[in-house]
Each structure stands twice: as structure tokens, then as C-alpha cells.
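To start, the structure under review is shown below, and the notes come after it.
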Amino acid sequence: MTTSPPTRSFWQRHWQKLLAAGFWLLLIGGYFWYSWRNQLSPAAAVGQVIELLKSDLGMLIYIGIYLLRPLIFFPATFLTLAGGSVFGSVWGLIYTVIGANGSAMVAYIIGRFFGQPEQHQNQTGVINGYIERLRRNSFETIMLMRLIFLPYDLVNYLAGILRINWKQFLIATILGSFPGTLTFVLLGASFEGDFTNAEFSFNPWAFAGSIVIFIISIGVSRWLKRREAAKEAA
């Protein structure tokens, strides 16, 4: 006689979505309250955030926002672009590497402790293919997923849920996401100035470097996919 698994409550099944929605409501509500209280236009509010990042504690604030980002599913691309624009190509890259990989570990830990790997045993389609690859060859699969720009948080949570070795996850994330991080930092660094008053300059060299690295990253990802397909065929 088999016993059916205990039924999970609504909160147990949807706590991540409810938590993210709560953070979003708090964030959006706080933004509108602050703008209304200080009579700021959206452009002026964004300008104040940028000025805050330019302060002495700006880099700590930037990294802190990056660490909290996976809790509200805020797109990492926007933060990376902002980091390149505010801090420049060198320091923007350093701060973003720290923040991005820190946020990846935050999402990984959440997925590892709160996820249920058995839920992904009978998945079909593309996700199932990556799940099987992660179980067989975690390091190269995570690198590949980073290089082809799969959704950042999806990879983080999935690796945690599947209990992927955290050292392999972190090293593969650092190496695999570096070209993409550099691409978007350089893209952000190509635009500098006062965005509130539409007074900014364009750096064509940083923009060209961003495009070149993006193309190289795509080329490497295709090479890795062909290599993996050849290994499976053999």
C-alpha cells in the first residue's frame, strides 16, 4: 500500500512568487511615495539614484542592490549597464563581477535550501535537456548557459534546486558570465554624463569593444554546443 505525498499549502507552493511580489510592491510604493513627497519627476528620481551611486558609499550601495536583486527578480542587465555608466569600464567591471557573482550565490542558496529537486524529474523540452546536462556535466553546462545569455536567475535557482556542487557552480559562473558582464559594462561605459538633463557623451571605442566581445561570446558558446553534441554522438 502506497501513501500519497502530503499536500503542500498555498504558501509552500507559491511563497517565492508572493515574496517577490511583496518586494516589488514595497519598492514601487516607496518610489512613488518618495517622488510625491519631494515632488520629483521620474527623470529627476533616477538622477538622484545615479548621484547616490556616485557618492563615497556608492560602490557598497551598488553591490548591496545587486545582492538583493534576485529576491525581486530585477533584471541584472540594467544594473550592469548602470555600473558601467556610473563607475566606468574598469571599476564598473570590478564592482559588477563582485555583485553579480554574489547575487548568483544568493539565488543558488535559496534554490538549494527551499527548492525540491524531485519536481524536475519529469520535465520535458528544452529545460529537461539542460537539467540532464547539469546532472551529467555541471561545470561545462553552466558555462554554456552563461555564454549563451540564458536568464541569469533561472540558471542560479535551477543549479541550487538540483544541488549542483557550489564550487563548480561558482567557478563556472565567474568564467562563463565574464564575457557578458564585460559586454554590458562596456556598453554602459560608452554613455557618460548627466542623463537627467540629457547631457551625455558617447564613447565609440567602448561601444565597439562591447560588440566585439558579444560576438566572441556567441562564437565560443556555439563551439561548446557543437563539441558537446559531438561527444554525445560518440
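Labels for the C-alpha cells follow display order: chains A, B, ..., residues from 1 in each chain, ligands from 1.
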For A:Lys167, work out the shell of residues within 12 Å, counting only C-alpha atoms and skipping chain neighbours fewer than 6 positions away, then give it as a PDB file with N, CA, C and O atoms, in the first residue's frame.
ATOM      1  N   MET A 105      25.180  33.524  -6.006  1.00  0.00           N
ATOM      2  CA  MET A 105      25.255  32.635  -4.860  1.00  0.00           C
ATOM      3  C   MET A 105      24.036  32.787  -3.951  1.00  0.00           C
ATOM      4  O   MET A 105      23.569  31.805  -3.361  1.00  0.00           O
ATOM      5  N   TYR A 108      21.390  30.836  -5.662  1.00  0.00           N
ATOM      6  CA  TYR A 108      21.747  29.411  -5.570  1.00  0.00           C
ATOM      7  C   TYR A 108      21.399  28.857  -4.187  1.00  0.00           C
ATOM      8  O   TYR A 108      20.822  27.767  -4.071  1.00  0.00           O
ATOM      9  N   SER A 138      28.107  19.335 -14.872  1.00  0.00           N
ATOM     10  CA  SER A 138      27.649  20.609 -14.299  1.00  0.00           C
ATOM     11  C   SER A 138      28.497  21.785 -14.766  1.00  0.00           C
ATOM     12  O   SER A 138      27.968  22.833 -15.163  1.00  0.00           O
ATOM     13  N   PHE A 139      29.814  21.621 -14.723  1.00  0.00           N
ATOM     14  CA  PHE A 139      30.709  22.752 -14.973  1.00  0.00           C
ATOM     15  C   PHE A 139      30.538  23.313 -16.383  1.00  0.00           C
ATOM     16  O   PHE A 139      30.275  24.505 -16.569  1.00  0.00           O
ATOM     17  N   ILE A 142      26.916  24.836 -17.089  1.00  0.00           N
ATOM     18  CA  ILE A 142      26.693  26.166 -16.518  1.00  0.00           C
ATOM     19  C   ILE A 142      27.452  27.215 -17.317  1.00  0.00           C
ATOM     20  O   ILE A 142      26.933  28.310 -17.594  1.00  0.00           O
ATOM     21  N   ALA A 159      20.346  25.606 -10.561  1.00  0.00           N
ATOM     22  CA  ALA A 159      21.549  24.937 -10.045  1.00  0.00           C
ATOM     23  C   ALA A 159      21.408  24.639  -8.562  1.00  0.00           C
ATOM     24  O   ALA A 159      21.839  23.578  -8.088  1.00  0.00           O
ATOM     25  N   GLY A 160      20.821  25.565  -7.824  1.00  0.00           N
ATOM     26  CA  GLY A 160      20.614  25.328  -6.395  1.00  0.00           C
ATOM     27  C   GLY A 160      19.613  24.230  -6.139  1.00  0.00           C
ATOM     28  O   GLY A 160      19.828  23.365  -5.281  1.00  0.00           O
ATOM     29  N   THR A 173      30.296  30.026 -13.175  1.00  0.00           N
ATOM     30  CA  THR A 173      29.570  31.291 -13.290  1.00  0.00           C
ATOM     31  C   THR A 173      30.530  32.452 -13.512  1.00  0.00           C
ATOM     32  O   THR A 173      30.297  33.315 -14.360  1.00  0.00           O
ATOM     33  N   ILE A 174      31.615  32.478 -12.742  1.00  0.00           N
ATOM     34  CA  ILE A 174      32.598  33.557 -12.888  1.00  0.00           C
ATOM     35  C   ILE A 174      33.182  33.559 -14.300  1.00  0.00           C
ATOM     36  O   ILE A 174      33.254  34.610 -14.955  1.00  0.00           O
TER      37      ILE A 174
END
Env of A:Leu67: 10 Å cut, atoms = only C-alpha atoms, seq-sep filter 5 positions within chain, self excluded. Answer as a tab-separated table (two decimals) with N, CA and C atoms, in the first residue's frame.
chain	number	residue	atom	x	y	z
A	61	ILE	N	26.61	50.54	-2.04
A	61	ILE	CA	25.18	50.55	-2.34
A	61	ILE	C	24.91	49.73	-3.59
A	62	TYR	N	25.76	49.90	-4.60
A	62	TYR	CA	25.60	49.17	-5.86
A	62	TYR	C	25.70	47.67	-5.65
A	98	ILE	N	31.86	41.41	-8.62
A	98	ILE	CA	31.61	41.08	-7.21
A	98	ILE	C	30.10	40.96	-6.95
A	99	GLY	N	29.35	41.96	-7.39
A	99	GLY	CA	27.91	41.96	-7.13
A	99	GLY	C	27.18	40.85	-7.86
A	100	ALA	N	27.51	40.62	-9.13
A	100	ALA	CA	26.81	39.63	-9.93
A	100	ALA	C	27.04	38.22	-9.41
A	101	ASN	N	28.29	37.89	-9.09
A	101	ASN	CA	28.57	36.55	-8.59
A	101	ASN	C	28.06	36.37	-7.16
A	102	GLY	N	28.04	37.45	-6.39
A	102	GLY	CA	27.43	37.38	-5.06
A	102	GLY	C	25.94	37.12	-5.15
A	103	SER	N	25.27	37.81	-6.08
A	103	SER	CA	23.82	37.60	-6.25
A	103	SER	C	23.53	36.21	-6.79
A	104	ALA	N	24.43	35.68	-7.63
A	104	ALA	CA	24.25	34.31	-8.13
A	104	ALA	C	24.28	33.31	-6.97
A	105	MET	N	25.18	33.52	-6.01
A	105	MET	CA	25.25	32.63	-4.86
A	105	MET	C	24.04	32.79	-3.95
A	106	VAL	N	23.51	34.01	-3.83
A	106	VAL	CA	22.29	34.22	-3.03
A	106	VAL	C	21.15	33.39	-3.62
A	107	ALA	N	20.95	33.50	-4.94
A	107	ALA	CA	19.87	32.74	-5.59
A	107	ALA	C	20.13	31.24	-5.50
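Put simply, atom CA of A:Ile213 is 11.1 Å away from atom CA of A:Val185.
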| Non-local contacts of A:Leu224 (10 Å; only C-alpha atoms; under 3 positions in same chain excluded) as a ChimeraX atom specification | /A:140-141,143-144,147,218-221,227-230
Residues just named, written with C-alpha atoms as a short mmCIF file (atom, residue, chain, number, x, y, z; two decimals), in the first residue's frame:
data_model
loop_
_atom_site.label_atom_id
_atom_site.label_comp_id
_atom_site.auth_asym_id
_atom_site.auth_seq_id
_atom_site.Cartn_x
_atom_site.Cartn_y
_atom_site.Cartn_z
CA GLU A 140 30.58 22.92 -18.77
CA THR A 141 26.78 23.17 -18.85
CA MET A 143 29.45 27.84 -18.54
CA LEU A 144 27.45 27.22 -21.71
CA LEU A 147 27.78 32.21 -22.50
CA ILE A 218 28.33 33.85 -29.05
CA GLY A 219 31.04 32.16 -31.14
CA VAL A 220 32.51 30.38 -28.11
CA SER A 221 29.05 29.22 -26.99
CA ARG A 227 31.63 19.97 -29.04
CA GLU A 228 29.01 18.70 -26.57
CA ALA A 229 26.83 17.36 -29.42
CA ALA A 230 29.84 15.54 -30.88
#
| task | Might you pull out every residue within 10 Å of stretch 19-23 of chain A, with only C-alpha atoms counted and same-chain residues fewer than 4 positions away left off, and present them as number ranges by chain? | result | A: 11, 14-15, 27-29, 70-74
| query | Residues at most 12 Å from A:Phe78, counting only C-alpha atoms, excluding those fewer than 5 positions away in the same chain, as a list in words? | reply | Tyr62, Ile65, Tyr66, Arg69, Phe73, Gly83, Gly84, Ser85, Thr96, Ala100, Thr181, Phe184, Val185, Leu187 and Gly188 of chain A
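Comparing the minimum interatomic distances between A:Gly58 and each of A:Phe207, A:Phe214, A:Trp33, A:Tyr95, counting only C-alpha atoms, we find that A:Tyr95 sits nearest.
Residue neighbourhood of A:Arg112, excluding near-sequence residues (fewer than 3 positions): Val106, Ala107, Tyr108, Ile109, Gly115, Gln116, Pro117, Asn156, Tyr157, Leu158, Ala159, Gly160, Ile161, Leu162, Arg163, Ile164 and Trp166 of chain A, at 10 Å, using only C-alpha atoms.
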For the selection just defined, write its residues with N, CA, C and O atoms to a file, as a tab-separated table (two decimals), in the first residue's frame.
chain	number	residue	atom	x	y	z
A	106	VAL	N	23.51	34.01	-3.83
A	106	VAL	CA	22.29	34.22	-3.03
A	106	VAL	C	21.15	33.39	-3.62
A	106	VAL	O	20.44	32.68	-2.90
A	107	ALA	N	20.95	33.50	-4.94
A	107	ALA	CA	19.87	32.74	-5.59
A	107	ALA	C	20.13	31.24	-5.50
A	107	ALA	O	19.20	30.45	-5.31
A	108	TYR	N	21.39	30.84	-5.66
A	108	TYR	CA	21.75	29.41	-5.57
A	108	TYR	C	21.40	28.86	-4.19
A	108	TYR	O	20.82	27.77	-4.07
A	109	ILE	N	21.75	29.60	-3.14
A	109	ILE	CA	21.48	29.14	-1.77
A	109	ILE	C	19.98	29.04	-1.52
A	109	ILE	O	19.50	28.08	-0.90
A	115	GLY	N	14.21	24.72	-2.63
A	115	GLY	CA	13.71	24.03	-3.81
A	115	GLY	C	13.54	22.55	-3.56
A	115	GLY	O	14.06	21.98	-2.60
A	116	GLN	N	12.81	21.91	-4.47
A	116	GLN	CA	12.55	20.48	-4.37
A	116	GLN	C	12.99	19.81	-5.67
A	116	GLN	O	12.29	19.91	-6.68
A	117	PRO	N	14.16	19.16	-5.68
A	117	PRO	CA	14.69	18.60	-6.93
A	117	PRO	C	13.79	17.57	-7.58
A	117	PRO	O	13.82	17.40	-8.80
A	156	ASN	N	20.68	30.28	-11.83
A	156	ASN	CA	21.07	30.27	-10.42
A	156	ASN	C	20.15	29.40	-9.58
A	156	ASN	O	20.61	28.54	-8.82
A	157	TYR	N	18.86	29.64	-9.69
A	157	TYR	CA	17.90	28.88	-8.89
A	157	TYR	C	17.90	27.40	-9.29
A	157	TYR	O	17.81	26.52	-8.43
A	158	LEU	N	17.99	27.14	-10.60
A	158	LEU	CA	17.97	25.75	-11.07
A	158	LEU	C	19.18	24.98	-10.55
A	158	LEU	O	19.05	23.83	-10.11
A	159	ALA	N	20.35	25.61	-10.56
A	159	ALA	CA	21.55	24.94	-10.05
A	159	ALA	C	21.41	24.64	-8.56
A	159	ALA	O	21.84	23.58	-8.09
A	160	GLY	N	20.82	25.57	-7.82
A	160	GLY	CA	20.61	25.33	-6.39
A	160	GLY	C	19.61	24.23	-6.14
A	160	GLY	O	19.83	23.36	-5.28
A	161	ILE	N	18.50	24.24	-6.87
A	161	ILE	CA	17.46	23.22	-6.69
A	161	ILE	C	18.00	21.83	-6.98
A	161	ILE	O	17.69	20.86	-6.29
A	162	LEU	N	18.85	21.72	-8.01
A	162	LEU	CA	19.41	20.42	-8.39
A	162	LEU	C	20.61	20.01	-7.54
A	162	LEU	O	21.21	18.98	-7.79
A	163	ARG	N	20.96	20.85	-6.56
A	163	ARG	CA	22.07	20.56	-5.64
A	163	ARG	C	23.40	20.41	-6.37
A	163	ARG	O	24.23	19.54	-6.04
A	164	ILE	N	23.63	21.25	-7.39
A	164	ILE	CA	24.90	21.24	-8.10
A	164	ILE	C	26.01	21.65	-7.13
A	164	ILE	O	25.81	22.51	-6.28
A	166	TRP	N	28.59	23.55	-5.31
A	166	TRP	CA	28.64	25.01	-5.30
A	166	TRP	C	29.97	25.56	-5.83
A	166	TRP	O	29.99	26.65	-6.43
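Reported to one decimal place, the separation of atom CA of A:Ser177 from atom CA of A:Lys231 is 23.6 Å.
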| Among listed residues A:Leu186, A:Leu93, A:Arg226, A:Met145, nearest A:Phe169 (using only C-alpha atoms) |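 The shortest atom-to-atom distance to A:Phe169 comes from A:Met145.
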